[in-house]
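Everything below belongs to coords27.txt, which stores compact mmCIF, C-alpha atoms.
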# COMPACT_ATOMS: atom_id res chain seq x y z
CA MET A 1 183.83 66.06 81.78
CA SER A 2 182.89 62.68 83.27
CA LEU A 3 180.18 62.38 85.88
CA HIS A 4 182.81 61.68 88.56
CA GLN A 5 184.63 64.89 87.60
CA ARG A 6 181.46 66.90 88.12
CA ILE A 7 181.62 66.16 91.86
CA ALA A 8 183.70 68.94 93.39
CA PRO A 9 184.77 68.22 97.02
CA LYS A 10 185.64 71.25 99.15
CA SER A 11 188.28 69.61 101.35
CA SER A 12 190.97 66.96 101.09
CA GLU A 13 189.15 64.87 103.70
CA VAL A 14 186.01 64.77 101.56
CA GLN A 15 188.09 64.32 98.39
CA SER A 16 189.24 60.93 99.67
CA ARG A 17 185.66 59.63 99.36
CA TYR A 18 185.42 60.55 95.72
CA GLY A 19 187.48 59.17 92.91
CA ASN A 20 186.48 56.83 90.16
CA GLN A 21 184.76 54.47 92.58
CA LYS A 22 181.04 54.57 93.34
CA VAL A 23 179.82 56.00 96.64
CA PRO A 24 176.57 55.33 98.51
CA ILE A 25 173.97 57.82 97.30
CA THR A 26 173.18 58.61 100.95
CA THR A 27 176.77 59.74 101.46
CA LEU A 28 176.69 61.91 98.34
CA ILE A 29 173.39 63.52 99.37
CA ASP A 30 174.63 64.21 102.89
CA ASP A 31 177.80 65.82 101.54
CA TYR A 32 175.83 67.86 99.02
CA ILE A 33 173.16 69.30 101.32
CA HIS A 34 175.81 70.20 103.91
CA GLU A 35 177.89 71.93 101.20
CA ARG A 36 180.88 69.63 101.56
CA ILE A 37 180.70 69.08 97.80
CA ASP A 38 179.28 70.92 94.82
CA ILE A 39 177.83 69.22 91.76
CA GLN A 40 178.84 71.06 88.61
CA GLY A 41 176.63 71.38 85.57
CA ASP A 42 172.94 70.52 85.30
CA PHE A 43 171.77 68.82 88.49
CA ARG A 44 168.81 67.06 86.85
CA GLU A 45 171.11 65.57 84.25
CA PHE A 46 173.44 64.38 87.01
CA ILE A 47 170.56 62.68 88.83
CA GLN A 48 169.40 61.03 85.61
CA GLN A 49 172.86 59.48 85.19
CA ARG A 50 173.38 58.79 88.92
CA ASP A 51 173.98 55.05 88.55
CA ALA A 52 177.39 55.79 87.04
CA VAL A 53 178.69 57.28 90.29
CA VAL A 54 176.52 55.96 93.15
CA ASP A 55 175.28 52.70 94.57
CA TYR A 56 172.39 52.07 96.96
CA SER A 57 174.20 50.35 99.80
CA PHE A 58 173.19 50.84 103.42
CA VAL A 59 175.34 53.11 105.58
CA ALA A 60 175.58 53.41 109.36
CA ASP A 61 173.16 56.34 109.42
CA HIS A 62 170.42 54.15 107.95
CA PHE A 63 170.54 51.75 110.87
CA LYS A 64 170.63 54.60 113.38
CA PHE A 65 167.62 56.29 111.74
CA VAL A 66 165.56 53.09 111.49
CA PHE A 67 165.94 52.21 115.17
CA THR A 68 165.88 55.68 116.75
CA ARG A 69 163.25 57.43 114.62
CA PHE A 70 161.52 55.38 111.92
CA LEU A 71 160.34 52.40 113.96
CA PRO A 72 159.25 54.48 117.00
CA GLU A 73 157.25 56.81 114.75
CA VAL A 74 155.63 53.86 112.93
CA ILE A 75 154.69 52.19 116.22
CA ILE A 76 153.49 55.24 118.15
CA HIS A 77 151.60 57.49 115.70
CA SER A 78 150.00 59.33 118.60
CA GLN A 79 147.88 62.37 117.91
CA GLU A 80 150.46 64.60 119.58
CA GLN A 81 153.27 63.14 117.47
CA ASP A 82 151.36 63.39 114.20
CA ILE A 83 150.32 67.01 114.77
CA ARG A 84 153.86 67.99 115.75
CA ILE A 85 155.39 66.33 112.69
CA GLY A 86 152.68 67.63 110.37
CA ARG A 87 153.04 71.22 111.48
CA ALA A 88 156.84 71.06 111.36
CA HIS A 89 156.49 70.30 107.66
CA TYR A 90 153.38 72.09 106.39
CA ASP A 91 153.71 75.21 108.54
CA ARG A 92 157.27 75.90 107.44
CA GLY A 93 156.04 78.85 105.39
CA ASN A 94 153.58 79.42 102.57
CA ASP A 95 156.33 81.19 100.63
CA PHE A 96 158.53 78.10 100.94
CA PHE A 97 155.89 75.88 99.36
CA GLY A 98 154.91 78.55 96.85
CA GLY A 99 158.52 78.40 95.66
CA PHE A 100 157.77 75.13 93.89
CA LEU A 101 153.99 74.56 93.96
CA GLY A 102 153.21 77.72 92.02
CA PRO A 103 150.03 79.82 92.26
CA ARG A 104 147.60 76.87 92.62
CA MET A 105 149.33 75.73 95.84
CA VAL A 106 148.36 72.10 95.27
CA TYR A 107 150.78 69.67 96.93
CA THR A 108 149.49 66.55 95.14
CA SER A 109 149.91 65.04 91.70
CA GLY A 110 148.38 66.87 88.77
CA PHE A 111 146.69 65.21 85.79
CA PHE A 112 148.18 65.74 82.33
CA ARG A 113 146.34 65.64 79.02
CA SER A 114 149.57 66.36 77.16
CA LEU A 115 153.28 66.25 77.92
CA ASP A 116 153.25 69.97 77.15
CA ASP A 117 150.62 70.89 79.78
CA SER A 118 151.71 73.50 82.28
CA LEU A 119 151.63 72.76 86.00
CA GLU A 120 148.58 75.02 86.35
CA GLN A 121 146.73 73.19 83.56
CA ALA A 122 147.54 69.83 85.12
CA GLN A 123 146.34 70.89 88.57
CA ASP A 124 143.13 72.47 87.20
CA GLN A 125 142.47 69.25 85.28
CA LYS A 126 143.13 67.16 88.39
CA ILE A 127 140.78 69.24 90.55
CA ARG A 128 137.98 68.88 88.02
CA LEU A 129 138.71 65.18 87.55
CA VAL A 130 138.41 64.59 91.29
CA CYS A 131 135.08 66.43 91.40
CA GLU A 132 133.78 64.50 88.38
CA LYS A 133 134.85 61.15 89.82
CA MET A 134 132.97 61.96 93.02
CA GLN A 135 129.93 62.99 90.95
CA LEU A 136 129.54 66.19 92.96
CA LYS A 137 126.11 67.80 92.80
CA LYS A 138 124.85 71.18 93.91
CA GLY A 139 123.84 71.28 97.55
CA GLU A 140 125.85 68.24 98.63
CA ARG A 141 128.22 68.30 101.58
CA LEU A 142 131.88 67.59 100.80
CA LEU A 143 134.55 66.80 103.39
CA ASP A 144 138.17 67.09 102.25
CA ILE A 145 140.51 65.44 104.78
CA GLY A 146 143.94 67.02 104.59
CA CYS A 147 142.86 70.01 102.52
CA GLY A 148 146.28 71.66 102.21
CA TRP A 149 145.91 75.22 100.98
CA GLY A 150 142.24 74.79 100.12
CA THR A 151 142.25 74.74 96.33
CA LEU A 152 139.92 71.75 96.06
CA VAL A 153 137.34 72.99 98.57
CA ALA A 154 137.28 76.47 97.01
CA HIS A 155 136.87 75.21 93.47
CA ALA A 156 134.37 72.48 94.38
CA ALA A 157 132.16 75.11 96.02
CA ARG A 158 132.59 77.58 93.16
CA ASP A 159 132.22 75.20 90.19
CA PHE A 160 129.91 72.50 91.58
CA GLY A 161 127.83 74.34 94.17
CA VAL A 162 128.65 72.07 97.10
CA ASP A 163 129.15 73.01 100.72
CA ALA A 164 132.80 72.11 101.27
CA THR A 165 134.71 71.68 104.51
CA GLY A 166 138.43 71.04 104.57
CA VAL A 167 140.46 69.98 107.60
CA THR A 168 144.20 70.32 108.11
CA VAL A 169 146.61 70.48 111.04
CA ALA A 170 148.54 73.28 109.31
CA GLU A 171 147.55 76.68 110.67
CA LYS A 172 149.22 78.65 107.86
CA GLY A 173 147.65 76.39 105.26
CA ALA A 174 144.17 76.85 106.71
CA ALA A 175 144.58 80.63 106.78
CA PHE A 176 145.63 80.61 103.13
CA ALA A 177 142.71 78.30 102.28
CA ASN A 178 140.13 80.58 103.87
CA GLU A 179 141.63 83.57 102.07
CA GLN A 180 141.36 81.63 98.83
CA CYS A 181 137.71 80.80 99.53
CA ALA A 182 137.04 84.51 100.13
CA LYS A 183 138.72 85.47 96.85
CA GLU A 184 136.60 82.93 95.00
CA GLY A 185 133.46 84.37 96.63
CA VAL A 186 132.51 81.13 98.38
CA SER A 187 133.25 81.90 102.04
CA GLY A 188 129.68 81.02 102.91
CA SER A 189 129.94 77.54 101.41
CA ALA A 190 133.62 76.62 101.77
CA ARG A 191 136.01 76.77 104.70
CA ALA A 192 139.14 75.16 106.13
CA LEU A 193 139.34 74.11 109.77
CA VAL A 194 142.50 73.55 111.80
CA MET A 195 141.77 70.08 113.05
CA ASP A 196 143.35 66.66 113.30
CA TYR A 197 141.41 64.02 111.40
CA ARG A 198 140.67 62.19 114.65
CA ASP A 199 138.72 65.20 115.91
CA ILE A 200 136.33 65.51 112.95
CA PRO A 201 132.79 65.65 114.41
CA LYS A 202 130.62 62.60 113.80
CA GLU A 203 128.49 64.13 111.09
CA ARG A 204 127.54 62.75 107.67
CA PHE A 205 128.82 63.94 104.30
CA ASN A 206 127.63 63.09 100.80
CA LYS A 207 131.17 62.94 99.44
CA ILE A 208 134.55 62.61 101.14
CA SER A 209 137.93 63.20 99.52
CA CYS A 210 141.41 62.58 100.84
CA LEU A 211 144.26 63.56 98.57
CA GLU A 212 147.66 62.31 99.71
CA MET A 213 147.02 62.80 103.41
CA ALA A 214 146.26 59.17 104.31
CA GLU A 215 149.97 58.32 104.06
CA HIS A 216 150.46 60.39 107.24
CA VAL A 217 147.92 58.28 109.12
CA GLY A 218 150.45 55.47 109.17
CA VAL A 219 150.22 51.74 108.63
CA ARG A 220 149.22 51.10 112.25
CA ARG A 221 146.17 53.38 112.15
CA PHE A 222 145.23 53.06 108.48
CA GLY A 223 142.38 50.60 108.99
CA ALA A 224 140.87 52.65 111.82
CA PHE A 225 141.10 55.78 109.68
CA LEU A 226 139.13 54.13 106.86
CA GLU A 227 136.54 52.91 109.37
CA GLN A 228 136.19 56.51 110.56
CA VAL A 229 135.68 57.69 106.96
CA TYR A 230 133.05 54.98 106.49
CA GLY A 231 131.17 56.31 109.50
CA LEU A 232 131.29 59.90 108.21
CA LEU A 233 129.98 59.01 104.74
CA GLU A 234 126.31 58.87 103.82
CA ASP A 235 125.19 55.40 102.76
CA ASP A 236 124.77 56.56 99.16
CA GLY A 237 127.98 58.61 99.23
CA ILE A 238 131.30 58.33 97.41
CA PHE A 239 134.80 58.26 98.87
CA PHE A 240 137.68 59.49 96.71
CA LEU A 241 141.17 58.53 97.88
CA GLN A 242 144.32 59.72 96.14
CA ILE A 243 147.31 58.09 97.78
CA ALA A 244 151.01 57.94 97.00
CA GLY A 245 152.23 54.36 96.92
CA LEU A 246 155.09 52.03 96.15
CA ARG A 247 155.41 49.36 93.54
CA ALA A 248 154.80 45.82 94.73
CA ARG A 249 157.64 43.33 94.79
CA ALA A 250 157.29 39.57 94.57
CA GLY A 251 158.53 37.56 97.52
CA LEU A 252 159.75 38.50 100.95
CA LEU A 253 163.17 39.65 99.69
CA GLY A 254 161.98 41.02 96.37
CA PHE A 255 162.72 44.65 97.20
CA ASN A 256 164.73 47.09 95.11
CA LEU A 257 167.62 48.70 96.97
CA GLU A 258 167.14 52.13 95.43
CA ASP A 259 163.44 52.06 96.31
CA LEU A 260 164.34 51.27 99.91
CA VAL A 261 167.09 53.90 100.23
CA TRP A 262 164.89 56.55 98.57
CA GLY A 263 162.06 55.69 100.95
CA LEU A 264 164.30 56.12 103.99
CA PHE A 265 165.55 59.45 102.63
CA MET A 266 161.97 60.64 102.19
CA ASN A 267 160.97 59.54 105.67
CA LYS A 268 163.97 61.13 107.33
CA TYR A 269 164.05 64.47 105.56
CA ILE A 270 160.78 65.17 103.73
CA PHE A 271 157.73 63.34 105.14
CA PRO A 272 158.48 61.91 108.59
CA GLY A 273 155.69 59.65 109.80
CA ALA A 274 154.18 59.12 106.34
CA ASP A 275 154.70 55.38 106.45
CA ALA A 276 151.39 54.34 104.87
CA SER A 277 152.74 54.79 101.33
CA MET A 278 152.28 51.15 100.39
CA PRO A 279 151.51 48.94 97.39
CA LEU A 280 147.95 48.99 96.06
CA SER A 281 147.09 45.62 97.62
CA PHE A 282 147.49 47.14 101.11
CA VAL A 283 145.12 50.00 100.26
CA VAL A 284 142.46 47.83 98.65
CA GLU A 285 142.52 45.22 101.41
CA ASN A 286 142.04 47.85 104.11
CA LEU A 287 139.27 49.61 102.19
CA GLU A 288 137.38 46.35 101.82
CA LYS A 289 137.90 45.41 105.47
CA ALA A 290 136.43 48.80 106.42
CA GLY A 291 133.28 48.02 104.41
CA PHE A 292 134.00 49.76 101.11
CA GLU A 293 133.47 48.46 97.61
CA ILE A 294 136.06 49.56 95.03
CA HIS A 295 134.56 51.13 91.95
CA SER A 296 137.75 52.16 90.14
CA VAL A 297 141.47 52.55 90.55
CA GLU A 298 143.66 54.65 88.29
CA ASN A 299 147.44 54.67 88.46
CA ILE A 300 148.66 58.24 87.92
CA GLY A 301 152.31 57.66 88.78
CA ILE A 302 153.66 59.08 85.52
CA HIS A 303 151.49 62.16 86.07
CA TYR A 304 153.32 62.57 89.37
CA SER A 305 156.68 62.44 87.65
CA LEU A 306 155.60 65.23 85.31
CA THR A 307 154.14 67.22 88.21
CA ILE A 308 157.33 67.02 90.23
CA SER A 309 159.35 67.97 87.16
CA ARG A 310 157.37 71.24 87.01
CA TRP A 311 157.90 71.71 90.75
CA TYR A 312 161.63 71.26 90.26
CA ASP A 313 161.71 73.90 87.53
CA ASN A 314 159.86 76.35 89.79
CA TRP A 315 162.25 75.64 92.65
CA MET A 316 165.30 76.30 90.51
CA GLN A 317 163.81 79.53 89.17
CA ASN A 318 163.17 80.71 92.74
CA ARG A 319 166.59 79.73 94.09
CA ALA A 320 167.67 83.25 95.10
CA GLU A 321 164.54 83.95 97.14
CA VAL A 322 164.57 80.52 98.80
CA VAL A 323 168.22 80.79 99.81
CA LYS A 324 167.72 84.34 101.06
CA THR A 325 164.86 83.34 103.35
CA TYR A 326 165.59 79.71 104.26
CA GLY A 327 169.26 79.16 103.50
CA GLU A 328 171.30 76.94 101.21
CA TRP A 329 170.63 73.73 103.20
CA TRP A 330 166.87 73.86 102.61
CA PHE A 331 167.35 74.77 98.97
CA ARG A 332 169.69 71.86 98.32
CA LEU A 333 167.59 69.39 100.27
CA TRP A 334 164.48 70.18 98.22
CA GLN A 335 166.55 70.17 95.03
CA VAL A 336 167.58 66.59 95.81
CA PHE A 337 164.05 65.59 96.86
CA LEU A 338 162.42 66.96 93.72
CA GLY A 339 165.15 66.00 91.27
CA TRP A 340 165.44 62.41 92.50
CA SER A 341 161.66 61.97 92.87
CA VAL A 342 161.06 62.87 89.21
CA GLU A 343 163.14 59.84 88.24
CA ILE A 344 161.81 57.59 90.99
CA ALA A 345 158.23 58.13 89.80
CA ALA A 346 159.17 57.83 86.11
CA GLN A 347 160.77 54.43 86.66
CA GLY A 348 157.83 53.14 88.69
CA SER A 349 159.53 52.93 92.09
CA SER A 350 156.86 55.21 93.55
CA THR A 351 153.43 55.88 92.14
CA CYS A 352 150.06 57.36 92.99
CA PHE A 353 146.59 55.83 92.93
CA GLN A 354 143.18 57.44 92.53
CA VAL A 355 140.60 55.17 94.15
CA VAL A 356 136.84 55.69 93.94
CA ALA A 357 134.85 53.67 96.47
CA ASN A 358 131.38 53.39 97.96
CA LYS A 359 129.86 51.54 100.88
CA ASN A 360 129.41 47.87 100.06
CA LEU A 361 125.72 47.81 100.86
CA ASN A 362 122.97 45.90 99.07
CA ARG A 363 120.90 49.06 98.84
CA PHE A 364 123.64 51.20 97.26
CA ASP A 365 122.38 52.22 93.82
CA ARG A 366 125.12 51.02 91.50
CA ARG A 367 123.17 52.24 88.49
CA ARG A 368 124.83 55.62 89.11
CA TRP A 369 127.90 54.30 87.28
CA ILE A 370 125.92 53.54 84.13
CA GLY A 371 125.96 56.32 81.55
CA ALA A 372 128.35 58.42 83.61
CA VAL A 373 130.49 60.86 81.66
CA ASN A 374 133.51 59.20 80.09
CA LEU A 375 136.20 61.22 81.81
CA GLY A 376 138.65 60.39 79.06
CA GLU A 377 136.46 62.31 76.61
CA ARG A 378 135.85 65.30 78.83
CA ASP A 379 137.51 68.68 78.78
CA LEU A 380 138.69 68.77 82.38
CA THR A 381 139.50 72.46 82.23
CA THR A 382 136.03 73.72 81.32
CA GLY A 383 133.94 70.67 82.15
CA SER A 384 132.36 70.71 78.69
CA GLU A 385 131.98 67.70 76.46
CA LYS A 386 134.45 67.44 73.60
CA SER A 387 132.94 67.38 70.18
CA ALA A 388 132.94 64.14 68.23
CA SER A 389 135.38 65.62 65.75
CA ASN A 390 137.95 66.05 68.54
CA LYS A 391 137.74 62.48 69.74
CA LYS A 392 140.76 60.32 69.06

Since I need it in another form, could you write the structure as structure tokens?
Amino acid sequence: MSLHQRIAPKSSEVQSRYGNQKVPITTLIDDYIHERIDIQGDFREFIQQRDAVVDYSFVADHFKFVFTRFLPEVIIHSQEQDIRIGRAHYDRGNDFFGGFLGPRMVYTSGFFRSLDDSLEQAQDQKIRLVCEKMQLKKGERLLDIGCGWGTLVAHAARDFGVDATGVTVAEKGAAFANEQCAKEGVSGSARALVMDYRDIPKERFNKISCLEMAEHVGVRRFGAFLEQVYGLLEDDGIFFLQIAGLRARAGLLGFNLEDLVWGLFMNKYIFPGADASMPLSFVVENLEKAGFEIHSVENIGIHYSLTISRWYDNWMQNRAEVVKTYGEWWFRLWQVFLGWSVEIAAQGSSTCFQVVANKNLNRFDRRRWIGAVNLGERDLTTGSEKSASNKK
């Protein structure tokens, strides 16, 4: 059966759009999530071979979305708007997100030591890697901006002895996070607060982390957000930023059509308002303008592809429960989002950066980077050094 034959329209009207010719991928997605067509066989395989049946041309809905929603959201980014959009997504239901995130409930890229690592291994390794890159020490104060379901704050308090505060606009996420802190026995030293980042009290923290929340700040407010982080950080502190980004293109018109169409799909259906997913140059320039010095940047885009692949598998395994509670539309939408995003990240259209930065002050003790543990030679699950015989 050819790829075209695997598209099964449910009416003669829809049938007229599908033959041996290519269709805009936006049209195919819209027909699929609204159940006007079925896609027979393995959906992931279909997405992998998508170029045989789709193109990435603009359709009328793109122009309507750009002018009625995308541009206004980019320009406004008011606190009221951001909280409303954030809660509409993250407060949908913990069971919804658990349907693909798994028991760790970490909605950011994992870190893989092997292609065979499980999702849980990858997320445990990422959490420890983040803590190691920040050089967390017992008794320090950690602020996690956009803490999700609290896995980082709970584990940082448990494994590194810090006092950890997470902030999130999601009420259901914060409740889950505080339950997780209680289960880990660290309620006295770790907590999640329901709070917009703009309302964080002007205190000082030894370490600040922000894992894939800064995209929601938006391009317009990104510089001000980093200036706020600078003011919250102790002068000898470390800022860890993990941010989803896009590949850079040379020249004004050097964009890739699929990248653009995928980005509009993501902004319309998955992460409205998250318009600060940008190339690395944008992130670095704004960090430096805010007064930070970049210590290191690691591209973990392929780790994201593997992470999302595990999320997709979870989603498919939980199809019956998702459809029962949320309906076929939500199931199919997330199936498209996850299935397409695996390939987008694998081909480099989207990526993810881990940035470690400090205040660019003369008095900052840069000797702290000398003799630091080589994270590539560290067992990120247990935190113990690998023996020389295991080094490759």

Nearest to Asn318 (chain A), chosen from A:Ser281, A:Tyr197, A:Gly19, A:Phe331, with all atoms listed in the file counted in the distances: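 Among the listed residues, the smallest separation from Asn318 (chain A) belongs to A:Phe331.
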
Spatial neighbours of region 22-36 of chain A, max dist 8 Å, all atoms listed in the file, sep filter under 3 positions, as a VMD selection string: chain A and resid 9 to 11 14 17 to 19 39 52 to 59 261 265 328 to 330 332 to 333 336

- prompt: Could you pull the residues within 7 Å of Gln40 (chain A), counting all atoms listed in the file, minus those fewer than 2 positions along the same chain, as a list of chain:residue names?
  reply: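 Final neighbour list, sorted by chain and number: A:Arg6, A:Ile7, A:Asp38, A:Asp42.
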
- request: For CA of Trp149 (chain A) and CA of Val283 (chain A), quote the distance in Å rounded to one decimal.
  value: 25.2 Å

Neighbours of region 188-191 of chain A within 7 Å (all atoms listed in the file; same-chain residues fewer than 5 positions away dropped), as an mmCIF file with C-alpha atoms, in the coordinates of the input?
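That gives us around13.cif:
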data_model
loop_
_atom_site.group_PDB
_atom_site.id
_atom_site.type_symbol
_atom_site.label_atom_id
_atom_site.label_comp_id
_atom_site.auth_asym_id
_atom_site.auth_seq_id
_atom_site.Cartn_x
_atom_site.Cartn_y
_atom_site.Cartn_z
ATOM 1 C CA VAL A 153 137.340 72.990 98.570
ATOM 2 C CA ALA A 154 137.280 76.470 97.010
ATOM 3 C CA ALA A 157 132.160 75.110 96.020
ATOM 4 C CA ASP A 163 129.150 73.010 100.720
ATOM 5 C CA ALA A 164 132.800 72.110 101.270
ATOM 6 C CA THR A 165 134.710 71.680 104.510
ATOM 7 C CA GLY A 166 138.430 71.040 104.570
ATOM 8 C CA ASN A 178 140.130 80.580 103.870
ATOM 9 C CA CYS A 181 137.710 80.800 99.530
#

Using all atoms listed in the file, I'd like a table of the residues in region 206-250 of chain A that come within 9 Å of region 94-111 of chain A; for each, show the closest atom pair and its distance in Å rounded to one decimal, ordered by chain and ascending number, as a Markdown table.
| residue | atom | partner | partner_atom | distance |
| --- | --- | --- | --- | --- |
| A:Leu211 | CA | A:Thr108 | CA | 6.9 |
| A:Glu212 | CA | A:Thr108 | CA | 6.5 |
| A:Gln242 | CA | A:Thr108 | CA | 8.6 |
| A:Ala244 | CA | A:Ser109 | CA | 8.9 |

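Our summary of the geometry notes that CA of Glu171 (chain A) is positioned 6.7 Å from CA of Asp91 (chain A).
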
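Comparing A:Ala122, A:Leu338, A:Val169, A:Ala182 by their smallest distance to Met195 (chain A), the closest is A:Val169 (using all atoms listed in the file).
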
message: Need to verify the contact set: Leu287 (chain A), 10 Å, all atoms listed in the file, exclusion of same-chain residues closer than 2 positions in sequence. Can you return it as a PyMOL selection string?
response: chain A and resi 222-223+225-227+230+281-285+289-294+355+357-359

Please, could you write that set of residues out with C-alpha atoms as a tab-separated table (two decimals), in the coordinates of the input?
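Contents of the output file out04.tsv:
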chain	number	residue	atom	x	y	z
A	222	PHE	CA	145.23	53.06	108.48
A	223	GLY	CA	142.38	50.60	108.99
A	225	PHE	CA	141.10	55.78	109.68
A	226	LEU	CA	139.13	54.13	106.86
A	227	GLU	CA	136.54	52.91	109.37
A	230	TYR	CA	133.05	54.98	106.49
A	281	SER	CA	147.09	45.62	97.62
A	282	PHE	CA	147.49	47.14	101.11
A	283	VAL	CA	145.12	50.00	100.26
A	284	VAL	CA	142.46	47.83	98.65
A	285	GLU	CA	142.52	45.22	101.41
A	289	LYS	CA	137.90	45.41	105.47
A	290	ALA	CA	136.43	48.80	106.42
A	291	GLY	CA	133.28	48.02	104.41
A	292	PHE	CA	134.00	49.76	101.11
A	293	GLU	CA	133.47	48.46	97.61
A	294	ILE	CA	136.06	49.56	95.03
A	355	VAL	CA	140.60	55.17	94.15
A	357	ALA	CA	134.85	53.67	96.47
A	358	ASN	CA	131.38	53.39	97.96
A	359	LYS	CA	129.86	51.54	100.88

field: Straight-line distance linking CA of Ile83 (chain A) with CA of His216 (chain A), stated in Å to one decimal
entry: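 We find that CA of Ile83 (chain A) and CA of His216 (chain A) lie 10.0 Å from each other.
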
Set up a box along x, y and z of the file covering all listed atoms of region 285-293 of chain A, add 4 Å on every one of the six sides, and write the centre and edge lengths in Å to one decimal, as JSON.
{"center_x": 137.9, "center_y": 47.5, "center_z": 102.0, "size_x": 17.2, "size_y": 12.5, "size_z": 16.8}

field: Counting all atoms listed in the file, the option among A:Ala274, A:Val356, A:Leu143, A:Ala345 closest to His295 (chain A)
entry: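 For His295 (chain A), the nearest of the given residues is A:Val356.
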
Nearest candidate to Gly150 (chain A) (options A:Gln317, A:Gln354, A:Gln180, A:Thr307; using only C-alpha atoms):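 Of A:Gln317, A:Gln354, A:Gln180, A:Thr307, the one nearest Gly150 (chain A), counting only C-alpha atoms, is A:Gln180.
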
query: So, counting all atoms listed in the file, which residue among A:Gly371, A:Gly273, A:Gly348, A:Gly245 is closest to Ala88 (chain A)?
result: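 Nearest to Ala88 (chain A): A:Gly273.
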
- request: Do a neighbour search on Glu80 (chain A) at 12 Å with only C-alpha atoms, toss out local chain neighbours closer than 4 positions, and write the hits as a list in words.
  value: Glu73, Ile76, Arg84, Ile85, Gly86, Arg87, Val169, Asp196 and Arg198 of chain A

query: Pick from A:Leu257, A:Val219, A:Val342, A:Ala372: nearest to His77 (chain A), with only C-alpha atoms counted?
result: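 Closest residue, counting only C-alpha atoms: A:Val219.
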
Kindly complete region 314-328 of chain A to N, CA and C atoms; the output should be written as a PDB file, in the frame of the given file.
ATOM      1  N   ASN A 314     160.229  75.184  88.977  1.00  0.00           N
ATOM      2  CA  ASN A 314     159.860  76.350  89.790  1.00  0.00           C
ATOM      3  C   ASN A 314     160.887  76.596  90.892  1.00  0.00           C
ATOM      4  N   TRP A 315     161.299  75.530  91.551  1.00  0.00           N
ATOM      5  CA  TRP A 315     162.250  75.640  92.650  1.00  0.00           C
ATOM      6  C   TRP A 315     163.574  76.257  92.182  1.00  0.00           C
ATOM      7  N   MET A 316     164.033  75.788  91.032  1.00  0.00           N
ATOM      8  CA  MET A 316     165.300  76.300  90.510  1.00  0.00           C
ATOM      9  C   MET A 316     165.169  77.776  90.111  1.00  0.00           C
ATOM     10  N   GLN A 317     164.030  78.129  89.558  1.00  0.00           N
ATOM     11  CA  GLN A 317     163.810  79.530  89.170  1.00  0.00           C
ATOM     12  C   GLN A 317     163.741  80.450  90.381  1.00  0.00           C
ATOM     13  N   ASN A 318     163.321  79.910  91.520  1.00  0.00           N
ATOM     14  CA  ASN A 318     163.170  80.710  92.740  1.00  0.00           C
ATOM     15  C   ASN A 318     164.326  80.530  93.718  1.00  0.00           C
ATOM     16  N   ARG A 319     165.448  80.051  93.219  1.00  0.00           N
ATOM     17  CA  ARG A 319     166.590  79.730  94.090  1.00  0.00           C
ATOM     18  C   ARG A 319     167.010  80.928  94.955  1.00  0.00           C
ATOM     19  N   ALA A 320     167.161  82.088  94.352  1.00  0.00           N
ATOM     20  CA  ALA A 320     167.670  83.250  95.100  1.00  0.00           C
ATOM     21  C   ALA A 320     166.775  83.591  96.277  1.00  0.00           C
ATOM     22  N   GLU A 321     165.464  83.604  96.064  1.00  0.00           N
ATOM     23  CA  GLU A 321     164.540  83.950  97.140  1.00  0.00           C
ATOM     24  C   GLU A 321     164.518  82.882  98.227  1.00  0.00           C
ATOM     25  N   VAL A 322     164.572  81.607  97.811  1.00  0.00           N
ATOM     26  CA  VAL A 322     164.570  80.520  98.800  1.00  0.00           C
ATOM     27  C   VAL A 322     165.807  80.594  99.678  1.00  0.00           C
ATOM     28  N   VAL A 323     166.970  80.743  99.057  1.00  0.00           N
ATOM     29  CA  VAL A 323     168.220  80.790  99.810  1.00  0.00           C
ATOM     30  C   VAL A 323     168.256  82.010 100.731  1.00  0.00           C
ATOM     31  N   LYS A 324     167.738  83.117 100.252  1.00  0.00           N
ATOM     32  CA  LYS A 324     167.720  84.340 101.060  1.00  0.00           C
ATOM     33  C   LYS A 324     166.904  84.154 102.329  1.00  0.00           C
ATOM     34  N   THR A 325     165.770  83.486 102.215  1.00  0.00           N
ATOM     35  CA  THR A 325     164.860  83.340 103.350  1.00  0.00           C
ATOM     36  C   THR A 325     165.154  82.112 104.200  1.00  0.00           C
ATOM     37  N   TYR A 326     165.487  80.978 103.542  1.00  0.00           N
ATOM     38  CA  TYR A 326     165.590  79.710 104.260  1.00  0.00           C
ATOM     39  C   TYR A 326     167.003  79.125 104.297  1.00  0.00           C
ATOM     40  N   GLY A 327     167.891  79.639 103.472  1.00  0.00           N
ATOM     41  CA  GLY A 327     169.260  79.160 103.500  1.00  0.00           C
ATOM     42  C   GLY A 327     169.555  78.095 102.459  1.00  0.00           C
ATOM     43  N   GLU A 328     170.841  77.868 102.238  1.00  0.00           N
ATOM     44  CA  GLU A 328     171.300  76.940 101.210  1.00  0.00           C
ATOM     45  C   GLU A 328     170.927  75.492 101.526  1.00  0.00           C
TER      46      GLU A 328
END
